[in-house]
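Trainee: So that we are looking at the same thing, I have put the structure below in structure tokens.
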Amino acid sequence: MCTPGYMRLSKGKKGLKKKVVDPFTRKDWYDIKAPSMFEVRQVGKTLVNRTQGLRNANDSLNGRVVELSLGDLSKDEARSFRKIQLKVDEIQGRNCLTNFYGMDMTTDKLRSMVKKWQTLIEAFVDVKTTDGYLVRLFCIAFTARRRNQLKKTTYAMSSQVHQIRKKMMDIMTEEAVSCDLKDLVTKITSSASNQAQDAVAVRIEKACQGIYPLQNTYIRKVKILKAPKFDVSALLALHGGASAAGDVGTKVSKDFVEPPVLDSV
């Protein structure tokens with residue numbers, strides 16, 4: 001019996017397996033640095049493929065967004081229901097310098113506040129800070145029982161909801177317009193009450209007492225809609241200067257003297 005040419009009886013070298021290379025051998029670890037507005041600065045590490053040919057590691061790292069718990073950033077478990085987003089804007093040596101990119105609330109915290117027999121009130125507003133960031137702030141609040149109230153429900157009338165929503169928008173605009181992004185983040189991530197409410201929410205709750213008593217008032221979410229032109233010096237100042245950012249290099253000596261030109265070789 002003859003075998004056609006296209007049928008191979010022996011596999012030979014064609015069937016040999018390729019050498020398996022561990023992908024982690026060509027990756028590097030970089031430290032993620034949080035801005036100075038947070039208590040904990042070293043927040044974690046990230047992996048990236050090493051610079052090779054036209055592929056630069058810095059290009060892969062720039063623009064990465066990391067999500068962290070405010071409880072870890074502030075060493076306060078009471079504020080762990082807030083999620084902070086940080087965006088990598090600059091690479092200094094093996095350090096990734098980040099800036100504030102957004103804030104949100106955990107799902108379990110939101111679900112725990114929504115109950116029967118009360119009115120949920122929400123409002124949002126677009127504000128521009130003094131340093132040029134266009135920010136969208138979201139606020140949430142719930143109606144509360146009055147003192148010595150016998151009625152089971154605490155429903156607010158639509159006219160009262162409109163008045164409370166207007167108060168929310170006015171206070172959020174007033175607080176954000178008069179400060180830069182760093183001060184705004186400090187306001188909305190601070191703990192100004194026993195329930196870890198932020199300073200803006202506490203002010204809203206007090207201002208609305210005359211309309212209808214509120215409870216569980218929070219700045220629920222923050223979005224950065226538009227950022228100004230990237231400025232390295234402003235980012236370094238946010239991280240406490242160039243020395244705090246990490247590798248700043250060494251001073252170059254100026255003792256080099258150029259040799260004289262030779263007449264003949």
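By order in the structure tokens, chains are A, B, ...; within a chain, residues start at 1; ligands start at 1, following the order shown.
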With only C-alpha atoms as the counted atoms, please give the residues lying no more than 8 Å from A:Lys87, apart from itself and same-chain residues fewer than 2 positions off, as a PyMOL selection string.

Mentor: chain A and resi 63-66+85+89+98-101

Trainee: Would you put the residues from that selection into a file with C-alpha atoms, as a PDB file, in the first residue's frame?

Mentor:
```pdb
ATOM      1  CA  GLY A  63      -5.051  57.187  31.887  1.00  0.00           C
ATOM      2  CA  ARG A  64      -5.558  54.134  34.099  1.00  0.00           C
ATOM      3  CA  VAL A  65      -8.402  54.540  36.626  1.00  0.00           C
ATOM      4  CA  VAL A  66      -8.278  52.798  40.009  1.00  0.00           C
ATOM      5  CA  GLN A  85     -11.797  56.892  41.649  1.00  0.00           C
ATOM      6  CA  ASP A  89      -1.890  61.445  35.059  1.00  0.00           C
ATOM      7  CA  THR A  98      -2.932  60.181  40.373  1.00  0.00           C
ATOM      8  CA  ASN A  99      -5.615  62.849  40.570  1.00  0.00           C
ATOM      9  CA  PHE A 100      -9.238  62.730  41.750  1.00  0.00           C
ATOM     10  CA  TYR A 101     -11.513  61.352  39.000  1.00  0.00           C
TER      11      TYR A 101
END
```

Trainee: Could you find all residues in stretch 171-227 of chain A that DSSP calls alpha helix (DSSP H) from the backbone, and write them as JSON, numbers by chain?

Mentor: {"A": [171, 172, 173, 174, 175, 176, 177, 181, 182, 183, 184, 185, 186, 187, 188, 189, 199, 200, 201, 202, 203, 204, 205, 206, 207]}

Trainee: Put those residues in a file: C-alpha atoms, as a PDB file, in the first residue's frame.

Mentor:
```pdb
ATOM      1  CA  ILE A 171     -25.990  75.043  48.368  1.00  0.00           C
ATOM      2  CA  MET A 172     -24.034  72.621  46.132  1.00  0.00           C
ATOM      3  CA  THR A 173     -23.368  75.426  43.619  1.00  0.00           C
ATOM      4  CA  GLU A 174     -22.342  77.862  46.366  1.00  0.00           C
ATOM      5  CA  GLU A 175     -19.945  75.343  47.966  1.00  0.00           C
ATOM      6  CA  ALA A 176     -18.270  74.257  44.699  1.00  0.00           C
ATOM      7  CA  VAL A 177     -17.919  77.632  42.919  1.00  0.00           C
ATOM      8  CA  LEU A 181     -11.005  70.707  43.277  1.00  0.00           C
ATOM      9  CA  LYS A 182      -8.782  69.815  46.253  1.00  0.00           C
ATOM     10  CA  ASP A 183     -10.953  71.777  48.723  1.00  0.00           C
ATOM     11  CA  LEU A 184     -14.152  70.416  47.152  1.00  0.00           C
ATOM     12  CA  VAL A 185     -12.969  66.807  47.548  1.00  0.00           C
ATOM     13  CA  THR A 186     -12.061  67.551  51.174  1.00  0.00           C
ATOM     14  CA  LYS A 187     -15.594  68.882  51.785  1.00  0.00           C
ATOM     15  CA  ILE A 188     -17.422  65.926  50.222  1.00  0.00           C
ATOM     16  CA  THR A 189     -15.208  63.242  51.783  1.00  0.00           C
ATOM     17  CA  ALA A 199     -20.027  68.917  55.347  1.00  0.00           C
ATOM     18  CA  VAL A 200     -22.162  69.927  52.323  1.00  0.00           C
ATOM     19  CA  ALA A 201     -24.898  67.390  53.194  1.00  0.00           C
ATOM     20  CA  VAL A 202     -25.043  68.540  56.821  1.00  0.00           C
ATOM     21  CA  ARG A 203     -25.546  72.130  55.649  1.00  0.00           C
ATOM     22  CA  ILE A 204     -28.347  71.029  53.258  1.00  0.00           C
ATOM     23  CA  GLU A 205     -30.085  69.116  56.074  1.00  0.00           C
ATOM     24  CA  LYS A 206     -30.021  72.159  58.379  1.00  0.00           C
ATOM     25  CA  ALA A 207     -31.253  74.545  55.636  1.00  0.00           C
TER      26      ALA A 207
END
```

Trainee: Do you have the atom CA of A:His162-atom CA of A:Tyr212 distance handy?

Mentor: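 About the pair atom CA of A:His162 and atom CA of A:Tyr212: they are 11.4 Å apart.
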
Trainee: Work out how far apart atom CA of A:Ala144 and atom CA of A:Trp117 are and give it in Å to one decimal.

Mentor: 9.7 Å

Trainee: Taking only C-alpha atoms into account, name the residue in A:Arg82, A:Gln209, A:Pro35, A:Gln215 that is nearest to A:Thr119.

Mentor: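 Ranked by minimum distance to A:Thr119, first place goes to A:Gln215.
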
Trainee: Nearest to A:Asp231 among A:Glu258, A:Asp131, A:Asp263, A:Asp180, with distances taken over only C-alpha atoms: which residue is it?

Mentor: A:Asp131

Trainee: DSSP says strand (DSSP E or B) for which residues of stretch 66-263 of chain A? Put them as number ranges by chain?

Mentor: A: 66-69, 82-92, 95-105, 118, 120-128, 134-143, 154, 214-226

Trainee: Keeping C-alpha atoms, export the residues of the selection given above as an mmCIF file, in the first residue's frame.

Mentor:
```
data_model
loop_
_atom_site.group_PDB
_atom_site.id
_atom_site.type_symbol
_atom_site.label_atom_id
_atom_site.label_comp_id
_atom_site.auth_asym_id
_atom_site.auth_seq_id
_atom_site.Cartn_x
_atom_site.Cartn_y
_atom_site.Cartn_z
ATOM 1 C CA VAL A 66 -8.278 52.798 40.009
ATOM 2 C CA GLU A 67 -11.215 52.502 42.421
ATOM 3 C CA LEU A 68 -10.544 52.571 46.164
ATOM 4 C CA SER A 69 -12.558 52.669 49.364
ATOM 5 C CA ARG A 82 -17.745 55.772 49.604
ATOM 6 C CA LYS A 83 -15.803 54.654 46.521
ATOM 7 C CA ILE A 84 -13.093 57.006 45.229
ATOM 8 C CA GLN A 85 -11.797 56.892 41.649
ATOM 9 C CA LEU A 86 -8.239 58.075 40.953
ATOM 10 C CA LYS A 87 -6.789 58.552 37.463
ATOM 11 C CA VAL A 88 -3.079 58.158 36.618
ATOM 12 C CA ASP A 89 -1.890 61.445 35.059
ATOM 13 C CA GLU A 90 1.910 61.295 35.320
ATOM 14 C CA ILE A 91 4.719 58.742 35.788
ATOM 15 C CA GLN A 92 7.743 59.682 37.928
ATOM 16 C CA ASN A 95 5.549 56.026 40.875
ATOM 17 C CA CYS A 96 2.153 56.651 39.235
ATOM 18 C CA LEU A 97 0.868 60.090 40.288
ATOM 19 C CA THR A 98 -2.932 60.181 40.373
ATOM 20 C CA ASN A 99 -5.615 62.849 40.570
ATOM 21 C CA PHE A 100 -9.238 62.730 41.750
ATOM 22 C CA TYR A 101 -11.513 61.352 39.000
ATOM 23 C CA GLY A 102 -14.855 60.663 40.682
ATOM 24 C CA MET A 103 -16.776 59.411 43.702
ATOM 25 C CA ASP A 104 -19.688 57.012 44.181
ATOM 26 C CA MET A 105 -21.572 55.193 46.912
ATOM 27 C CA GLN A 118 -40.893 58.142 53.259
ATOM 28 C CA LEU A 120 -36.778 60.107 48.378
ATOM 29 C CA ILE A 121 -35.461 63.443 47.046
ATOM 30 C CA GLU A 122 -32.571 63.725 44.570
ATOM 31 C CA ALA A 123 -30.896 66.658 42.825
ATOM 32 C CA PHE A 124 -27.833 67.225 40.663
ATOM 33 C CA VAL A 125 -25.977 70.308 39.445
ATOM 34 C CA ASP A 126 -23.060 71.090 37.092
ATOM 35 C CA VAL A 127 -20.496 73.431 38.660
ATOM 36 C CA LYS A 128 -17.117 74.847 37.599
ATOM 37 C CA LEU A 134 -16.378 71.060 35.412
ATOM 38 C CA VAL A 135 -17.941 68.831 38.079
ATOM 39 C CA ARG A 136 -21.393 67.239 38.358
ATOM 40 C CA LEU A 137 -22.602 66.746 41.956
ATOM 41 C CA PHE A 138 -25.471 64.416 42.909
ATOM 42 C CA CYS A 139 -27.310 64.739 46.223
ATOM 43 C CA ILE A 140 -29.752 62.329 47.891
ATOM 44 C CA ALA A 141 -31.996 62.785 50.952
ATOM 45 C CA PHE A 142 -35.003 61.165 52.636
ATOM 46 C CA THR A 143 -37.827 62.714 54.643
ATOM 47 C CA THR A 154 -43.596 60.950 56.235
ATOM 48 C CA LEU A 214 -34.577 65.287 56.361
ATOM 49 C CA GLN A 215 -32.426 62.285 57.217
ATOM 50 C CA ASN A 216 -29.658 60.271 55.471
ATOM 51 C CA THR A 217 -28.588 63.273 53.396
ATOM 52 C CA TYR A 218 -25.407 62.662 51.375
ATOM 53 C CA ILE A 219 -23.501 63.842 48.326
ATOM 54 C CA ARG A 220 -24.129 60.554 46.561
ATOM 55 C CA LYS A 221 -21.940 60.873 43.473
ATOM 56 C CA VAL A 222 -19.345 63.148 41.868
ATOM 57 C CA LYS A 223 -18.350 63.146 38.187
ATOM 58 C CA ILE A 224 -15.518 65.055 36.492
ATOM 59 C CA LEU A 225 -17.131 66.151 33.212
ATOM 60 C CA LYS A 226 -14.257 68.270 31.904
#
```

Trainee: When you draw a straight line from atom CA of A:Ala192 to atom CA of A:Val40, how long is it in Å?

Mentor: 19.6 Å

Trainee: Between A:Gln160, A:Gln195, A:Lys17, A:Tyr155, which one has atoms that come closest to A:Lys115, using only C-alpha atoms?

Mentor: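 Among A:Gln160, A:Gln195, A:Lys17, A:Tyr155, it is A:Tyr155 that comes nearest to A:Lys115.
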
Trainee: Taking only C-alpha atoms into account, name the residue in A:Arg79, A:Lys151, A:Lys19, A:Phe38 that is nearest to A:Asn194.

Mentor: A:Arg79

Trainee: Neighbours of A:Trp29 within 7 Å (only C-alpha atoms; same-chain residues fewer than 4 positions away dropped), as a PyMOL selection string?

Mentor: chain A and resi 45-48

Trainee: Using C-alpha atoms, can you write the selected residues to a file as a PDB file, in the first residue's frame?

Mentor:
```
ATOM      1  CA  LYS A  45       0.606  48.646  42.941  1.00  0.00           C
ATOM      2  CA  THR A  46      -0.119  48.021  39.270  1.00  0.00           C
ATOM      3  CA  LEU A  47       1.460  45.838  36.575  1.00  0.00           C
ATOM      4  CA  VAL A  48       2.544  46.877  33.099  1.00  0.00           C
TER       5      VAL A  48
END
```

Trainee: Select, from A:Lys229, A:Leu73, A:Leu54, A:Val21, the residue with the minimum atom-to-atom distance to A:Lys33, counting only C-alpha atoms.

Mentor: A:Leu73

Trainee: Find the residues around A:Ser80 up to 9 Å (only C-alpha atoms counted), leave out those fewer than 4 positions away in its own chain, and share them as a PyMOL selection string.

Mentor: chain A and resi 69-72+74+76+106

Trainee: Which is closer to A:Gly240 than all the others in A:Val43, A:Ala78, A:Ala34, A:Met169, using only C-alpha atoms?

Mentor: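 Nearest candidate to A:Gly240 out of A:Val43, A:Ala78, A:Ala34, A:Met169: A:Ala34.
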